[in-house]
2 protein chains.
Amino acid sequence: MNAEFDSGVVIQERNRYRVPVTFRETERTRHRRLREQGSLNRADLDAILTAGFVCHLGVVIDGCPMVVPTVYGVAPGGDVVFFHGSVASRSLVQSPTATVCLTVTHVDGLVLARSVFEHGVNYRSAMIYGTPRLITDPEEKLAGLRQLTEHIAAGQWDYARQPNRRELAATALLALDVAEASVKIRTGPPDDGDGPDAGLPVWAGVRPLRTVWGELEPDPSLAPGIDVPDHLR
Amino acid sequence: MNAEFDSGVVIQERNRYRVPVTFRETERTRHRRLREQGSLNRADLDAILTAGFVCHLGVVIDGCPMVVPTVYGVAPGGDVVFFHGSVASRSLVQSPTATVCLTVTHVDGLVLARSVFEHGVNYRSAMIYGTPRLITDPEEKLAGLRQLTEHIAAGQWDYARQPNRRELAATALLALDVAEASVKIRTGPPDDGDGPDAGLPVWAGVRPLRTVWGELEPDPSLAPGIDVPDHLR
């Protein structure tokens, strides 16, 4: 099994370096290995951010890394990623003062190659580096929370009860610029079909992995007569 | 939308503090907020590790956090998590010299509450802290890689071609003790059904999210006559 979702020619992505480069490469985001999996295409980054709602936020606390799963939101084509948390949260209170790494990953399948070494994962992943900004302006905060909520569950902001003053005060909202990012994508079959292992009598291919929504489960304490609203159907 | 997958009574988990405590709490892993979502039950930790094969590895590079998705493996009930990578990888070369945070997260659904503030996520998450050990002994390395591979795709180690000397030399294998961990779990419906929002005419419940395997996709260059082996069916 290869490194960091390693290995393999990215079949559908071979020409990615010919598309316009729309975000900059830095010392941190430069793809050192497996360059064929790297993308500098802003559309790839946007698609990865749009497809998910949970990220892994990396912060440094007392010199040690801490990786916290948390929800995020982006406006379509937007320049910032919003995330939030309790004002009492360690990872959030410290994050506006230093660089964070916000990583979004979609796992699309297991790459079953003819050799163990060429095994790998089909995936789409974006890492965004930056120093988040704590949003304190009340109107900006409300607009940001709306965007975050609409990203995760479109229609719910106007449908559910909106935050009151106490709830707003208890919530820290942060915005991270989508400026310094590293995008990696692997798709397609294993990469040993044209190598010396091609002749081995070993089955090879991909076991796809999909994330699917299930049927809505009503709250057992839901009062009778309240229908599922259209935007959730 | 609440903080860090926030809020809500963990319906099925109320009695978790009564089960035997089998891993220690430290300053880093102590659950400061939402204690009802915290678990010190080793069986919960094992179940989370067993259910996945992709983690987010947090390391500190030049003082900045870096969160890299990577595959991992555990033996059932084992005391270490294995992960690996290219010997050329920055995140791996530095990680045996310092603390890492290895986080595994399963997202189980969106919690649609009557208020935006009580919205949240059903999830299971484990964060493991420690300084990984680089495995250099050849036999131990081979056994560890076998365990890693079998965790991700059981049966493939004995079926596919095993690593040769060159491939083994190019792979760094690391073992992280499962000793200092933080486990958080949220399940069940939203938490506003018994609060002041209970009377709002707003639909509430859970939209479940499931990760499912798809049908195997054979490598287009697969030679004719090679059947799918039983362990992959």
# chains A, B, ... in the order shown; residues from 1 in each chain; ligands from 1
call {"tool": "select_by_dssp", "arguments": {"residues": "segment 87-197 of chain A", "states": "helix (DSSP H, G or I)", "output": "MDAnalysis selection string"}}
result
chainID A and resid 90:97 116:118 138:152 156:159 165:170 196:197
call {"tool": "write_last_selection", "arguments": {"atoms": "N, CA, C and O atoms", "output": "compact mmCIF listing (two decimals), in the first residue's frame"}}
result
# COMPACT_ATOMS: atom_id res chain seq x y z
N ARG A 90 -10.95 25.61 22.64
CA ARG A 90 -9.52 25.88 22.57
C ARG A 90 -9.03 26.04 21.13
O ARG A 90 -8.28 26.94 20.80
N SER A 91 -9.46 25.11 20.27
CA SER A 91 -8.94 25.12 18.91
C SER A 91 -9.35 26.39 18.17
O SER A 91 -8.63 26.88 17.30
N LEU A 92 -10.52 26.93 18.52
CA LEU A 92 -10.97 28.13 17.82
C LEU A 92 -10.40 29.41 18.41
O LEU A 92 -10.05 30.34 17.69
N VAL A 93 -10.32 29.45 19.72
CA VAL A 93 -9.85 30.68 20.35
C VAL A 93 -8.42 30.98 19.91
O VAL A 93 -8.04 32.11 19.67
N GLN A 94 -7.63 29.92 19.77
CA GLN A 94 -6.24 30.15 19.38
C GLN A 94 -6.05 30.32 17.88
O GLN A 94 -5.05 30.87 17.43
N SER A 95 -7.03 29.83 17.08
CA SER A 95 -6.73 29.79 15.65
C SER A 95 -6.64 31.15 14.96
O SER A 95 -5.92 31.26 13.98
N PRO A 96 -7.32 32.21 15.44
CA PRO A 96 -7.14 33.47 14.70
C PRO A 96 -5.75 34.06 14.87
O PRO A 96 -5.40 35.01 14.21
N THR A 97 -4.96 33.52 15.80
CA THR A 97 -3.66 34.10 16.05
C THR A 97 -2.55 33.40 15.29
O THR A 97 -1.40 33.79 15.38
N VAL A 116 0.86 -5.24 -3.90
CA VAL A 116 0.46 -4.52 -2.69
C VAL A 116 0.95 -3.08 -2.75
O VAL A 116 0.24 -2.14 -2.39
N PHE A 117 2.17 -2.89 -3.25
CA PHE A 117 2.78 -1.57 -3.27
C PHE A 117 1.97 -0.56 -4.06
O PHE A 117 1.91 0.63 -3.72
N GLU A 118 1.32 -1.01 -5.14
CA GLU A 118 0.56 -0.09 -5.98
C GLU A 118 -0.88 0.09 -5.52
O GLU A 118 -1.65 0.82 -6.13
N PRO A 138 -21.53 42.46 13.70
CA PRO A 138 -22.77 41.66 13.83
C PRO A 138 -23.40 41.30 12.48
O PRO A 138 -23.85 40.17 12.29
N GLU A 139 -23.46 42.27 11.56
CA GLU A 139 -24.10 41.96 10.27
C GLU A 139 -23.29 40.96 9.46
O GLU A 139 -23.83 40.05 8.84
N GLU A 140 -21.97 41.14 9.50
CA GLU A 140 -21.10 40.21 8.77
C GLU A 140 -21.19 38.81 9.38
O GLU A 140 -21.18 37.80 8.66
N LYS A 141 -21.31 38.78 10.70
CA LYS A 141 -21.40 37.49 11.39
C LYS A 141 -22.69 36.77 11.02
O LYS A 141 -22.69 35.56 10.73
N LEU A 142 -23.79 37.50 11.00
CA LEU A 142 -25.06 36.90 10.65
C LEU A 142 -25.05 36.40 9.21
O LEU A 142 -25.52 35.30 8.90
N ALA A 143 -24.47 37.21 8.30
CA ALA A 143 -24.39 36.81 6.90
C ALA A 143 -23.51 35.57 6.74
O ALA A 143 -23.80 34.67 5.94
N GLY A 144 -22.43 35.52 7.49
CA GLY A 144 -21.52 34.38 7.42
C GLY A 144 -22.16 33.11 7.96
O GLY A 144 -22.03 32.03 7.37
N LEU A 145 -22.87 33.23 9.08
CA LEU A 145 -23.55 32.07 9.64
C LEU A 145 -24.64 31.57 8.70
O LEU A 145 -24.89 30.37 8.57
N ARG A 146 -25.29 32.52 8.03
CA ARG A 146 -26.30 32.14 7.05
C ARG A 146 -25.66 31.33 5.92
O ARG A 146 -26.16 30.28 5.52
N GLN A 147 -24.51 31.82 5.44
CA GLN A 147 -23.82 31.13 4.35
C GLN A 147 -23.38 29.73 4.79
O GLN A 147 -23.51 28.75 4.06
N LEU A 148 -22.85 29.65 6.00
CA LEU A 148 -22.43 28.36 6.56
C LEU A 148 -23.61 27.40 6.63
O LEU A 148 -23.53 26.24 6.20
N THR A 149 -24.72 27.87 7.17
CA THR A 149 -25.90 27.01 7.32
C THR A 149 -26.45 26.60 5.96
O THR A 149 -26.80 25.43 5.75
N GLU A 150 -26.52 27.55 5.03
CA GLU A 150 -27.07 27.24 3.71
C GLU A 150 -26.20 26.26 2.94
O GLU A 150 -26.68 25.47 2.14
N HIS A 151 -24.88 26.33 3.19
CA HIS A 151 -23.98 25.36 2.54
C HIS A 151 -24.29 23.94 3.01
O HIS A 151 -24.26 22.99 2.24
N ILE A 152 -24.59 23.81 4.29
CA ILE A 152 -24.77 22.49 4.89
C ILE A 152 -26.19 21.97 4.68
O ILE A 152 -26.39 20.79 4.41
N GLN A 156 -32.58 25.91 5.28
CA GLN A 156 -32.86 25.84 6.71
C GLN A 156 -32.75 27.19 7.42
O GLN A 156 -33.40 27.42 8.43
N TRP A 157 -31.92 28.09 6.89
CA TRP A 157 -31.75 29.39 7.57
C TRP A 157 -33.08 30.13 7.65
O TRP A 157 -33.45 30.67 8.69
N ASP A 158 -33.81 30.15 6.53
CA ASP A 158 -35.08 30.88 6.52
C ASP A 158 -36.21 30.06 7.13
O ASP A 158 -37.26 30.60 7.47
N TYR A 159 -36.02 28.74 7.24
CA TYR A 159 -37.09 27.87 7.72
C TYR A 159 -37.04 27.70 9.25
O TYR A 159 -38.07 27.82 9.93
N ARG A 165 -29.71 36.69 20.24
CA ARG A 165 -28.51 37.41 20.66
C ARG A 165 -27.58 36.56 21.53
O ARG A 165 -26.38 36.57 21.37
N ARG A 166 -28.20 35.80 22.42
CA ARG A 166 -27.40 34.94 23.31
C ARG A 166 -26.65 33.87 22.50
O ARG A 166 -25.46 33.60 22.73
N GLU A 167 -27.35 33.27 21.54
CA GLU A 167 -26.72 32.23 20.73
C GLU A 167 -25.60 32.81 19.86
O GLU A 167 -24.55 32.19 19.68
N LEU A 168 -25.84 34.00 19.31
CA LEU A 168 -24.80 34.64 18.50
C LEU A 168 -23.56 34.93 19.33
O LEU A 168 -22.43 34.73 18.88
N ALA A 169 -23.79 35.38 20.58
CA ALA A 169 -22.65 35.71 21.44
C ALA A 169 -21.85 34.46 21.81
O ALA A 169 -20.64 34.52 22.03
N ALA A 170 -22.53 33.32 21.85
CA ALA A 170 -21.86 32.08 22.24
C ALA A 170 -21.11 31.43 21.07
O ALA A 170 -20.40 30.44 21.26
N PRO A 196 5.63 -3.99 -15.28
CA PRO A 196 6.06 -5.41 -15.29
C PRO A 196 5.07 -6.33 -14.58
O PRO A 196 5.11 -7.55 -14.82
N ASP A 197 4.19 -5.79 -13.74
CA ASP A 197 3.22 -6.62 -13.05
C ASP A 197 1.99 -6.96 -13.90
O ASP A 197 1.14 -7.74 -13.48
call {"tool": "calpha_fit_and_write", "arguments": {"fixed": "chain B", "moving": "chain A", "output": "mmCIF file with C-alpha atoms, in the first residue's frame"}}
result
data_model
loop_
_atom_site.group_PDB
_atom_site.id
_atom_site.type_symbol
_atom_site.label_atom_id
_atom_site.label_comp_id
_atom_site.auth_asym_id
_atom_site.auth_seq_id
_atom_site.Cartn_x
_atom_site.Cartn_y
_atom_site.Cartn_z
ATOM 1 C CA MET A 1 -25.270 25.591 13.516
ATOM 2 C CA ASN A 2 -23.407 24.673 16.631
ATOM 3 C CA ALA A 3 -19.736 24.179 17.394
ATOM 4 C CA GLU A 4 -17.459 21.259 16.560
ATOM 5 C CA PHE A 5 -20.346 18.957 15.640
ATOM 6 C CA ASP A 6 -21.920 20.372 18.619
ATOM 7 C CA SER A 7 -24.866 20.069 20.843
ATOM 8 C CA GLY A 8 -27.539 17.611 21.644
ATOM 9 C CA VAL A 9 -28.035 14.944 24.208
ATOM 10 C CA VAL A 10 -26.350 11.759 23.110
ATOM 11 C CA ILE A 11 -29.362 9.517 23.392
ATOM 12 C CA GLN A 12 -27.708 6.130 23.105
ATOM 13 C CA GLU A 13 -24.625 7.192 24.962
ATOM 14 C CA ARG A 14 -26.059 8.477 28.213
ATOM 15 C CA ASN A 15 -24.602 5.666 30.259
ATOM 16 C CA ARG A 16 -21.195 5.651 28.698
ATOM 17 C CA TYR A 17 -19.452 6.908 31.806
ATOM 18 C CA ARG A 18 -20.616 3.818 33.669
ATOM 19 C CA VAL A 19 -18.655 1.413 31.471
ATOM 20 C CA PRO A 20 -15.050 0.605 32.387
ATOM 21 C CA VAL A 21 -12.619 3.379 31.644
ATOM 22 C CA THR A 22 -9.914 1.785 29.595
ATOM 23 C CA PHE A 23 -7.868 4.672 28.348
ATOM 24 C CA ARG A 24 -6.523 7.540 30.329
ATOM 25 C CA GLU A 25 -7.563 11.154 30.131
ATOM 26 C CA THR A 26 -4.816 13.748 29.810
ATOM 27 C CA GLU A 27 -4.718 17.515 29.713
ATOM 28 C CA ARG A 28 -4.909 17.271 25.920
ATOM 29 C CA THR A 29 -7.752 14.783 25.708
ATOM 30 C CA ARG A 30 -9.938 15.954 28.579
ATOM 31 C CA HIS A 31 -13.383 16.795 27.256
ATOM 32 C CA ARG A 32 -13.872 20.409 28.214
ATOM 33 C CA ARG A 33 -17.149 21.090 26.459
ATOM 34 C CA LEU A 34 -20.062 18.858 25.442
ATOM 35 C CA ARG A 35 -18.928 16.261 27.912
ATOM 36 C CA GLU A 36 -21.949 14.119 27.118
ATOM 37 C CA GLN A 37 -20.401 13.451 23.703
ATOM 38 C CA GLY A 38 -17.127 12.242 25.173
ATOM 39 C CA SER A 39 -16.295 8.597 25.706
ATOM 40 C CA LEU A 40 -13.505 6.931 27.636
ATOM 41 C CA ASN A 41 -14.657 3.487 26.553
ATOM 42 C CA ARG A 42 -11.949 1.565 24.739
ATOM 43 C CA ALA A 43 -14.578 -0.417 22.802
ATOM 44 C CA ASP A 44 -15.900 2.824 21.293
ATOM 45 C CA LEU A 45 -12.384 3.774 20.229
ATOM 46 C CA ASP A 46 -11.760 0.360 18.677
ATOM 47 C CA ALA A 47 -15.069 0.443 16.817
ATOM 48 C CA ILE A 48 -14.251 3.852 15.302
ATOM 49 C CA LEU A 49 -10.792 2.732 14.215
ATOM 50 C CA THR A 50 -12.096 -0.546 12.782
ATOM 51 C CA ALA A 51 -14.890 1.143 10.813
ATOM 52 C CA GLY A 52 -12.544 3.277 8.688
ATOM 53 C CA PHE A 53 -9.296 3.184 6.793
ATOM 54 C CA VAL A 54 -8.583 6.863 6.145
ATOM 55 C CA CYS A 55 -7.397 9.212 8.879
ATOM 56 C CA HIS A 56 -6.308 12.833 8.958
ATOM 57 C CA LEU A 57 -2.774 13.056 10.253
ATOM 58 C CA GLY A 58 -1.793 16.338 11.878
ATOM 59 C CA VAL A 59 1.868 17.274 12.094
ATOM 60 C CA VAL A 60 3.678 20.526 12.771
ATOM 61 C CA ILE A 61 6.052 21.637 10.009
ATOM 62 C CA ASP A 62 8.098 24.788 10.668
ATOM 63 C CA GLY A 63 5.646 25.749 13.396
ATOM 64 C CA CYS A 64 2.591 25.423 11.147
ATOM 65 C CA PRO A 65 -0.028 22.691 11.229
ATOM 66 C CA MET A 66 -0.348 20.345 8.258
ATOM 67 C CA VAL A 67 -3.304 17.964 7.998
ATOM 68 C CA VAL A 68 -2.788 15.143 5.530
ATOM 69 C CA PRO A 69 -5.326 12.450 4.657
ATOM 70 C CA THR A 70 -3.697 9.054 4.726
ATOM 71 C CA VAL A 71 -4.608 5.406 5.147
ATOM 72 C CA TYR A 72 -4.093 3.610 8.430
ATOM 73 C CA GLY A 73 -4.416 0.120 9.787
ATOM 74 C CA VAL A 74 -5.068 -1.436 13.176
ATOM 75 C CA ALA A 75 -5.116 -4.995 14.371
ATOM 76 C CA PRO A 76 -8.449 -5.839 16.043
ATOM 77 C CA GLY A 77 -8.026 -4.622 19.617
ATOM 78 C CA GLY A 78 -4.434 -3.727 18.806
ATOM 79 C CA ASP A 79 -2.326 -1.266 20.727
ATOM 80 C CA VAL A 80 -0.888 0.580 17.731
ATOM 81 C CA VAL A 81 -2.157 2.311 14.624
ATOM 82 C CA PHE A 82 0.045 1.846 11.581
ATOM 83 C CA PHE A 83 0.397 4.420 8.865
ATOM 84 C CA HIS A 84 2.940 4.738 6.111
ATOM 85 C CA GLY A 85 4.215 6.823 3.315
ATOM 86 C CA SER A 86 7.073 7.612 1.034
ATOM 87 C CA VAL A 87 10.420 8.028 2.736
ATOM 88 C CA ALA A 88 10.501 11.333 0.823
ATOM 89 C CA SER A 89 7.354 12.679 2.498
ATOM 90 C CA ARG A 90 7.805 15.759 4.637
ATOM 91 C CA SER A 91 4.936 14.955 6.963
ATOM 92 C CA LEU A 92 6.287 11.475 7.650
ATOM 93 C CA VAL A 93 9.968 12.205 7.911
ATOM 94 C CA GLN A 94 9.342 14.759 10.622
ATOM 95 C CA SER A 95 6.605 12.926 12.474
ATOM 96 C CA PRO A 96 8.726 10.412 14.418
ATOM 97 C CA THR A 97 10.464 13.324 16.102
ATOM 98 C CA ALA A 98 7.404 15.001 17.527
ATOM 99 C CA THR A 99 3.825 14.568 18.614
ATOM 100 C CA VAL A 100 1.230 13.920 15.937
ATOM 101 C CA CYS A 101 -2.557 13.932 16.138
ATOM 102 C CA LEU A 102 -4.229 11.180 14.141
ATOM 103 C CA THR A 103 -7.962 11.759 13.744
ATOM 104 C CA VAL A 104 -10.528 9.303 12.373
ATOM 105 C CA THR A 105 -14.039 10.633 11.753
ATOM 106 C CA HIS A 106 -17.231 9.012 10.546
ATOM 107 C CA VAL A 107 -20.044 11.395 9.611
ATOM 108 C CA ASP A 108 -23.387 9.679 10.214
ATOM 109 C CA GLY A 109 -25.908 12.387 9.494
ATOM 110 C CA LEU A 110 -27.116 15.932 9.641
ATOM 111 C CA VAL A 111 -29.121 16.934 12.721
ATOM 112 C CA LEU A 112 -31.913 19.231 11.579
ATOM 113 C CA ALA A 113 -33.223 21.021 14.645
ATOM 114 C CA ARG A 114 -36.004 23.539 15.155
ATOM 115 C CA SER A 115 -33.445 26.297 15.643
ATOM 116 C CA VAL A 116 -30.378 26.948 13.507
ATOM 117 C CA PHE A 117 -28.258 27.017 16.667
ATOM 118 C CA GLU A 118 -29.138 23.422 17.575
ATOM 119 C CA HIS A 119 -28.285 22.085 14.129
ATOM 120 C CA GLY A 120 -25.414 19.685 14.225
ATOM 121 C CA VAL A 121 -23.863 16.486 12.975
ATOM 122 C CA ASN A 122 -24.144 12.890 14.107
ATOM 123 C CA TYR A 123 -20.630 11.529 14.065
ATOM 124 C CA ARG A 124 -18.051 9.261 15.656
ATOM 125 C CA SER A 125 -14.569 10.614 15.997
ATOM 126 C CA ALA A 126 -11.296 9.534 17.589
ATOM 127 C CA MET A 127 -8.202 11.666 18.044
ATOM 128 C CA ILE A 128 -5.002 9.855 19.004
ATOM 129 C CA TYR A 129 -1.973 11.782 20.231
ATOM 130 C CA GLY A 130 1.549 10.491 20.438
ATOM 131 C CA THR A 131 5.001 10.331 18.946
ATOM 132 C CA PRO A 132 5.036 7.661 16.261
ATOM 133 C CA ARG A 133 7.802 5.127 16.063
ATOM 134 C CA LEU A 134 9.543 4.546 12.738
ATOM 135 C CA ILE A 135 9.711 0.793 12.209
ATOM 136 C CA THR A 136 13.101 -0.237 10.863
ATOM 137 C CA ASP A 137 13.347 -3.929 11.768
ATOM 138 C CA PRO A 138 12.635 -5.759 8.465
ATOM 139 C CA GLU A 139 10.420 -8.475 9.953
ATOM 140 C CA GLU A 140 8.460 -6.025 12.062
ATOM 141 C CA LYS A 141 8.057 -3.774 9.037
ATOM 142 C CA LEU A 142 6.736 -6.580 6.872
ATOM 143 C CA ALA A 143 4.316 -7.677 9.609
ATOM 144 C CA GLY A 144 3.129 -4.101 10.069
ATOM 145 C CA LEU A 145 2.598 -3.531 6.359
ATOM 146 C CA ARG A 146 0.672 -6.781 6.236
ATOM 147 C CA GLN A 147 -1.562 -5.610 9.073
ATOM 148 C CA LEU A 148 -2.069 -2.244 7.379
ATOM 149 C CA THR A 149 -2.980 -3.874 4.070
ATOM 150 C CA GLU A 150 -5.267 -6.455 5.664
ATOM 151 C CA HIS A 151 -7.102 -3.724 7.566
ATOM 152 C CA ILE A 152 -7.847 -1.885 4.333
ATOM 153 C CA ALA A 153 -8.434 -4.811 1.987
ATOM 154 C CA ALA A 154 -8.542 -8.138 3.815
ATOM 155 C CA GLY A 155 -7.100 -10.979 1.785
ATOM 156 C CA GLN A 156 -5.028 -8.821 -0.561
ATOM 157 C CA TRP A 157 -1.672 -9.338 1.176
ATOM 158 C CA ASP A 158 -1.587 -13.033 0.336
ATOM 159 C CA TYR A 159 -3.307 -12.561 -3.033
ATOM 160 C CA ALA A 160 -1.391 -9.691 -4.666
ATOM 161 C CA ARG A 161 2.343 -9.511 -5.209
ATOM 162 C CA GLN A 162 4.030 -8.644 -1.931
ATOM 163 C CA PRO A 163 6.541 -5.782 -1.681
ATOM 164 C CA ASN A 164 10.051 -6.403 -2.958
ATOM 165 C CA ARG A 165 13.197 -5.025 -1.376
ATOM 166 C CA ARG A 166 13.162 -1.821 -3.405
ATOM 167 C CA GLU A 167 9.527 -1.123 -2.539
ATOM 168 C CA LEU A 168 10.121 -1.833 1.148
ATOM 169 C CA ALA A 169 13.058 0.572 1.173
ATOM 170 C CA ALA A 170 10.918 3.287 -0.410
ATOM 171 C CA THR A 171 8.201 2.913 2.222
ATOM 172 C CA ALA A 172 8.338 4.418 5.702
ATOM 173 C CA LEU A 173 6.119 2.573 8.201
ATOM 174 C CA LEU A 174 5.162 4.251 11.453
ATOM 175 C CA ALA A 175 3.395 2.923 14.529
ATOM 176 C CA LEU A 176 1.456 5.172 16.877
ATOM 177 C CA ASP A 177 0.511 3.850 20.312
ATOM 178 C CA VAL A 178 -3.207 3.851 21.020
ATOM 179 C CA ALA A 179 -2.692 5.242 24.505
ATOM 180 C CA GLU A 180 -3.745 8.877 24.613
ATOM 181 C CA ALA A 181 -7.027 9.329 22.825
ATOM 182 C CA SER A 182 -10.116 11.480 22.737
ATOM 183 C CA VAL A 183 -13.335 9.892 21.520
ATOM 184 C CA LYS A 184 -16.482 11.827 20.742
ATOM 185 C CA ILE A 185 -19.792 10.420 19.566
ATOM 186 C CA ARG A 186 -23.115 12.031 18.812
ATOM 187 C CA THR A 187 -26.163 10.011 17.848
ATOM 188 C CA GLY A 188 -29.906 10.498 17.786
ATOM 189 C CA PRO A 189 -32.400 13.252 17.057
ATOM 190 C CA PRO A 190 -31.994 16.972 17.718
ATOM 191 C CA ASP A 191 -32.002 18.221 21.262
ATOM 192 C CA ASP A 192 -34.625 20.919 21.093
ATOM 193 C CA GLY A 193 -37.631 18.625 21.437
ATOM 194 C CA ASP A 194 -37.796 19.153 25.190
ATOM 195 C CA GLY A 195 -36.712 22.805 25.214
ATOM 196 C CA PRO A 196 -38.554 26.067 24.601
ATOM 197 C CA ASP A 197 -38.343 25.498 20.831
ATOM 198 C CA ALA A 198 -40.369 22.271 21.053
ATOM 199 C CA GLY A 199 -43.591 24.096 20.223
ATOM 200 C CA LEU A 200 -42.317 25.694 16.995
ATOM 201 C CA PRO A 201 -44.097 24.490 13.837
ATOM 202 C CA VAL A 202 -40.773 23.376 12.350
ATOM 203 C CA TRP A 203 -39.932 19.904 11.080
ATOM 204 C CA ALA A 204 -37.026 18.344 12.967
ATOM 205 C CA GLY A 205 -35.095 15.136 12.618
ATOM 206 C CA VAL A 206 -31.993 13.592 11.126
ATOM 207 C CA ARG A 207 -30.826 13.213 7.541
ATOM 208 C CA PRO A 208 -28.637 10.107 7.734
ATOM 209 C CA LEU A 209 -25.430 9.858 5.753
ATOM 210 C CA ARG A 210 -24.007 6.476 4.830
ATOM 211 C CA THR A 211 -20.807 5.350 3.201
ATOM 212 C CA VAL A 212 -21.373 2.373 0.936
ATOM 213 C CA TRP A 213 -19.190 0.254 -1.310
ATOM 214 C CA GLY A 214 -20.146 0.160 -4.973
ATOM 215 C CA GLU A 215 -19.772 -2.643 -7.484
ATOM 216 C CA LEU A 216 -16.180 -3.626 -8.287
ATOM 217 C CA GLU A 217 -14.835 -1.911 -11.432
ATOM 218 C CA PRO A 218 -12.306 -4.105 -13.264
ATOM 219 C CA ASP A 219 -9.131 -2.494 -14.594
ATOM 220 C CA PRO A 220 -9.723 -1.951 -18.342
ATOM 221 C CA SER A 221 -6.359 -3.581 -18.979
ATOM 222 C CA LEU A 222 -7.245 -6.713 -16.978
ATOM 223 C CA ALA A 223 -6.303 -9.830 -18.933
ATOM 224 C CA PRO A 224 -9.242 -12.073 -19.881
ATOM 225 C CA GLY A 225 -10.010 -15.050 -17.666
ATOM 226 C CA ILE A 226 -9.010 -13.528 -14.333
ATOM 227 C CA ASP A 227 -11.948 -13.857 -11.957
ATOM 228 C CA VAL A 228 -12.659 -11.698 -8.943
ATOM 229 C CA PRO A 229 -11.197 -13.596 -5.967
ATOM 230 C CA ASP A 230 -13.570 -14.714 -3.214
ATOM 231 C CA HIS A 231 -12.174 -12.314 -0.627
ATOM 232 C CA LEU A 232 -13.205 -9.326 -2.760
ATOM 233 C CA ARG A 233 -16.729 -10.500 -3.496
#
call {"tool": "decode", "arguments": {"residues": "segment 66-78 of chain A", "atoms": "C-alpha atoms", "output": "PDB file, in the first residue's frame"}}
result
ATOM      1  CA  MET A  66      -4.613  19.078  17.060  1.00  0.00           C
ATOM      2  CA  VAL A  67      -6.905  17.886  14.267  1.00  0.00           C
ATOM      3  CA  VAL A  68     -10.573  18.563  14.901  1.00  0.00           C
ATOM      4  CA  PRO A  69     -13.451  17.569  12.623  1.00  0.00           C
ATOM      5  CA  THR A  70     -15.792  20.480  12.137  1.00  0.00           C
ATOM      6  CA  VAL A  71     -18.376  21.749   9.681  1.00  0.00           C
ATOM      7  CA  TYR A  72     -17.555  24.452   7.173  1.00  0.00           C
ATOM      8  CA  GLY A  73     -19.350  26.498   4.582  1.00  0.00           C
ATOM      9  CA  VAL A  74     -18.407  28.249   1.361  1.00  0.00           C
ATOM     10  CA  ALA A  75     -20.328  30.467  -0.983  1.00  0.00           C
ATOM     11  CA  PRO A  76     -20.253  29.091  -4.549  1.00  0.00           C
ATOM     12  CA  GLY A  77     -16.979  30.389  -5.972  1.00  0.00           C
ATOM     13  CA  GLY A  78     -16.431  32.314  -2.754  1.00  0.00           C
TER      14      GLY A  78
END
